[in-house]
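input08.pdb, holding PDB, C-alpha atoms, pLDDT in the B column:
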ATOM      1  CA  THR A1201     108.999  92.813 119.150  1.00 63.00           C
ATOM      2  CA  LEU A1202     106.138  95.257 119.267  1.00 64.00           C
ATOM      3  CA  ARG A1203     107.165  98.319 121.188  1.00 65.00           C
ATOM      4  CA  LYS A1204     105.555  98.315 124.648  1.00 66.00           C
ATOM      5  CA  ASN A1205     104.036 101.682 125.532  1.00 63.00           C
ATOM      6  CA  GLU A1206     102.508 102.193 128.965  1.00 61.00           C
ATOM      7  CA  ASN A1207     100.610 105.262 127.720  1.00 58.00           C
ATOM      8  CA  HIS A1208      98.586 103.405 125.082  1.00 54.00           C
ATOM      9  CA  PHE A1209      95.289 101.827 126.079  1.00 53.00           C
ATOM     10  CA  ASP A1210      96.442  98.539 124.560  1.00 54.00           C
ATOM     11  CA  PHE A1211     100.042  98.824 125.874  1.00 55.00           C
ATOM     12  CA  TYR A1212     101.629  98.079 122.486  1.00 66.00           C
ATOM     13  CA  ASP A1213     102.232 100.231 119.436  1.00 81.00           C
ATOM     14  CA  PHE A1214      99.827  98.831 116.852  1.00 85.00           C
ATOM     15  CA  TRP A1215      96.858 100.897 115.726  1.00 87.00           C
ATOM     16  CA  LEU A1216      94.447 101.773 112.906  1.00 88.00           C
ATOM     17  CA  ASN A1217      94.554 105.094 111.072  1.00 90.00           C
ATOM     18  CA  PHE A1218      91.267 106.305 109.612  1.00 91.00           C
ATOM     19  CA  ILE A1219      91.716 109.381 107.413  1.00 92.00           C
ATOM     20  CA  TYR A1220      88.158 110.631 106.953  1.00 93.00           C
ATOM     21  CA  PRO A1221      87.158 113.296 104.417  1.00 95.00           C
ATOM     22  CA  GLY A1222      88.764 116.570 105.497  1.00 96.00           C
ATOM     23  CA  ASP A1223      91.259 114.860 107.840  1.00 94.00           C
ATOM     24  CA  VAL A1224      95.034 115.223 107.671  1.00 94.00           C
ATOM     25  CA  ASN A1225      97.814 113.315 109.452  1.00 93.00           C
ATOM     26  CA  LYS A1226     100.291 116.080 110.344  1.00 94.00           C
ATOM     27  CA  TRP A1227     104.083 115.790 110.189  1.00 96.00           C
ATOM     28  CA  HIS A1228     105.345 113.520 112.983  1.00 94.00           C
ATOM     29  CA  SER A1229     107.755 110.742 113.889  1.00 93.00           C
ATOM     30  CA  HIS A1230     107.414 107.684 116.146  1.00 90.00           C
ATOM     31  CA  GLY A1231     109.076 106.072 119.130  1.00 83.00           C
ATOM     32  CA  GLY A1232     110.766 102.721 118.856  1.00 83.00           C
ATOM     33  CA  SER A1233     113.376 101.516 116.397  1.00 88.00           C
ATOM     34  CA  LEU A1234     111.417 100.687 113.262  1.00 91.00           C
ATOM     35  CA  SER A1235     107.932 101.790 112.179  1.00 94.00           C
ATOM     36  CA  GLY A1236     105.642 100.478 109.505  1.00 95.00           C
ATOM     37  CA  VAL A1237     102.407 101.038 107.638  1.00 95.00           C
ATOM     38  CA  ILE A1238     100.187  98.302 106.238  1.00 95.00           C
ATOM     39  CA  TYR A1239      97.878  99.667 103.557  1.00 95.00           C
ATOM     40  CA  TYR A1240      94.373  98.237 103.887  1.00 95.00           C
ATOM     41  CA  ASP A1241      92.242 100.674 101.887  1.00 90.00           C
ATOM     42  CA  ASN A1242      93.949 103.436  99.919  1.00 87.00           C
ATOM     43  CA  GLU A1243      91.780 103.492  96.795  1.00 85.00           C
ATOM     44  CA  ILE A1244      91.889 107.286  96.933  1.00 89.00           C
ATOM     45  CA  ASN A1245      95.658 107.300  96.295  1.00 89.00           C
ATOM     46  CA  MET A1246      96.806 109.333  99.307  1.00 93.00           C
ATOM     47  CA  PRO A1247     100.550 108.784  99.739  1.00 95.00           C
ATOM     48  CA  THR A1248     102.588 108.742 102.916  1.00 96.00           C
ATOM     49  CA  ASN A1249     104.968 111.709 102.531  1.00 97.00           C
ATOM     50  CA  PHE A1250     108.452 111.740 104.034  1.00 97.00           C
ATOM     51  CA  SER A1251     110.441 114.828 105.035  1.00 96.00           C
ATOM     52  CA  ASN A1252     113.263 113.885 102.635  1.00 94.00           C
ATOM     53  CA  GLY A1253     110.890 114.413  99.681  1.00 96.00           C
ATOM     54  CA  LEU A1254     110.056 110.754  99.085  1.00 96.00           C
ATOM     55  CA  CYS A1255     106.475 109.499  99.140  1.00 96.00           C
ATOM     56  CA  PHE A1256     104.893 106.055  99.020  1.00 96.00           C
ATOM     57  CA  ASN A1257     101.441 105.499  97.571  1.00 94.00           C
ATOM     58  CA  GLY A1258     100.657 102.030  98.868  1.00 93.00           C
ATOM     59  CA  THR A1259      97.791  99.888  97.654  1.00 92.00           C
ATOM     60  CA  LYS A1260      95.930  97.172  99.551  1.00 93.00           C
ATOM     61  CA  GLY A1261      98.356  94.661 101.046  1.00 94.00           C
ATOM     62  CA  ASP A1262     101.483  96.799 100.661  1.00 96.00           C
ATOM     63  CA  ILE A1263     103.738  97.281 103.672  1.00 96.00           C
ATOM     64  CA  ILE A1264     106.358  99.990 104.100  1.00 97.00           C
ATOM     65  CA  MET A1265     108.883 100.073 106.946  1.00 96.00           C
ATOM     66  CA  PHE A1266     111.194 102.913 107.932  1.00 96.00           C
ATOM     67  CA  PRO A1267     113.288 104.111 110.897  1.00 95.00           C
ATOM     68  CA  SER A1268     110.940 105.405 113.592  1.00 93.00           C
ATOM     69  CA  ASN A1269     112.602 108.822 113.766  1.00 94.00           C
ATOM     70  CA  VAL A1270     111.806 109.608 110.093  1.00 96.00           C
ATOM     71  CA  VAL A1271     109.315 112.485 109.914  1.00 97.00           C
ATOM     72  CA  HIS A1272     106.254 111.755 107.742  1.00 97.00           C
ATOM     73  CA  SER A1273     102.668 112.857 107.070  1.00 96.00           C
ATOM     74  CA  VAL A1274      99.540 112.255 105.002  1.00 96.00           C
ATOM     75  CA  GLY A1275      97.917 115.202 103.252  1.00 95.00           C
ATOM     76  CA  GLU A1276      94.286 116.276 103.509  1.00 96.00           C
ATOM     77  CA  ASN A1277      91.663 113.818 102.323  1.00 95.00           C
ATOM     78  CA  THR A1278      89.729 115.822  99.720  1.00 95.00           C
ATOM     79  CA  THR A1279      87.508 112.900  98.696  1.00 95.00           C
ATOM     80  CA  ASP A1280      84.319 111.471 100.194  1.00 95.00           C
ATOM     81  CA  LYS A1281      86.038 108.135 100.963  1.00 94.00           C
ATOM     82  CA  ILE A1282      88.088 106.875 103.924  1.00 93.00           C
ATOM     83  CA  ARG A1283      91.777 105.916 103.827  1.00 93.00           C
ATOM     84  CA  LEU A1284      92.523 103.036 106.231  1.00 93.00           C
ATOM     85  CA  THR A1285      95.969 101.843 107.247  1.00 94.00           C
ATOM     86  CA  TYR A1286      97.449  99.829 110.113  1.00 92.00           C
ATOM     87  CA  ALA A1287     100.557 101.250 111.746  1.00 92.00           C
ATOM     88  CA  PHE A1288     103.064  99.818 114.188  1.00 91.00           C
ATOM     89  CA  ASN A1289     106.336 100.496 115.992  1.00 89.00           C
ATOM     90  CA  LEU A1290     108.935  97.829 116.700  1.00 87.00           C
ATOM     91  CA  ASN A1291     111.902  97.589 119.054  1.00 81.00           C
ATOM     92  CA  TRP A1292     115.021  95.535 118.497  1.00 76.00           C
ATOM     93  CA  LYS A1293     115.091  92.613 120.907  1.00 70.00           C
ATOM     94  CA  GLN A1294     118.429  91.906 122.550  1.00 69.00           C
ATOM     95  CA  ASN A1295     119.207  88.219 123.236  1.00 63.00           C
TER      96      ASN A1295
END
Exercise: express the given structure as structure tokens:
Amino acid sequence: TLRKNENHFDFYDFWLNFIYPGDVNKWHSHGGSLSGVIYYDNEINMPTNFSNGLCFNGTKGDIIMFPSNVVHSVGENTTDKIRLTYAFNLNWKQN
């Protein structure tokens, strides 16, 4: 299930990330159990970097999922284009 978050305006953890020229997505982790990134527009080849040294340079339509507590970032956009991804956090649902 999508992770419910009372502090978000939409109440669930699903959002768009626009990395404009000069922007950076600093090192961080997420709440929930499992997090993911859906790559919509990454023509500028800006990878998602993980604190363990791995990186993933997704292209349109790629999806990566990882434990929510894994620290990750995106470096500075040094181009004149925008990087667009969708991100989400999930919780395990107990039956």
Checklist entry - Which residue, A:Thr1279, A:Asn1245, A:Asn1289, A:Thr1259, has the smallest gap to Ser1229 in chain A when you use only C-alpha atoms? => result A:Asn1289
In the coordinates of the file, take the point (104.3, 102.6, 113.9) and a cut-off of 8 Å; then, counting only C-alpha atoms, name each qualifying protein, DNA or RNA residue as a short mmCIF file (atom, residue, chain, number, x, y, z; two decimals) with C-alpha atoms, in the coordinates of the input.
data_model
loop_
_atom_site.label_atom_id
_atom_site.label_comp_id
_atom_site.auth_asym_id
_atom_site.auth_seq_id
_atom_site.Cartn_x
_atom_site.Cartn_y
_atom_site.Cartn_z
CA ASP A 1213 102.23 100.23 119.44
CA PHE A 1214 99.83 98.83 116.85
CA TRP A 1215 96.86 100.90 115.73
CA HIS A 1230 107.41 107.68 116.15
CA GLY A 1231 109.08 106.07 119.13
CA LEU A 1234 111.42 100.69 113.26
CA SER A 1235 107.93 101.79 112.18
CA GLY A 1236 105.64 100.48 109.50
CA VAL A 1237 102.41 101.04 107.64
CA SER A 1268 110.94 105.40 113.59
CA ALA A 1287 100.56 101.25 111.75
CA PHE A 1288 103.06 99.82 114.19
CA ASN A 1289 106.34 100.50 115.99
CA LEU A 1290 108.94 97.83 116.70
#
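With only C-alpha atoms as the atoms that count, the minimum distance from Leu1254 in chain A to the choices A:Phe1218, A:Trp1292, A:Tyr1286, A:Phe1266 is reached by A:Phe1266.
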Item to check | Evaluate the PyMOL selection byres ((chain A and resi 1285) around 12) and report residues as a VMD selection string | outcome: chain A and resid 1214 to 1220 1225 1236 to 1243 1246 to 1248 1257 to 1264 1274 1282 to 1284 1286 to 1288
Checklist entry - Which neighbours of His1272 in chain A fall inside 9 Å, counting all atoms listed in the file, when residues of the same chain fewer than 5 positions from it are skipped, and could you give them as a list in words? => result Asn1225, Lys1226, Trp1227, His1228, Ser1229, Thr1248, Asn1249, Phe1250, Ser1251, Asn1252 and Cys1255 of chain A
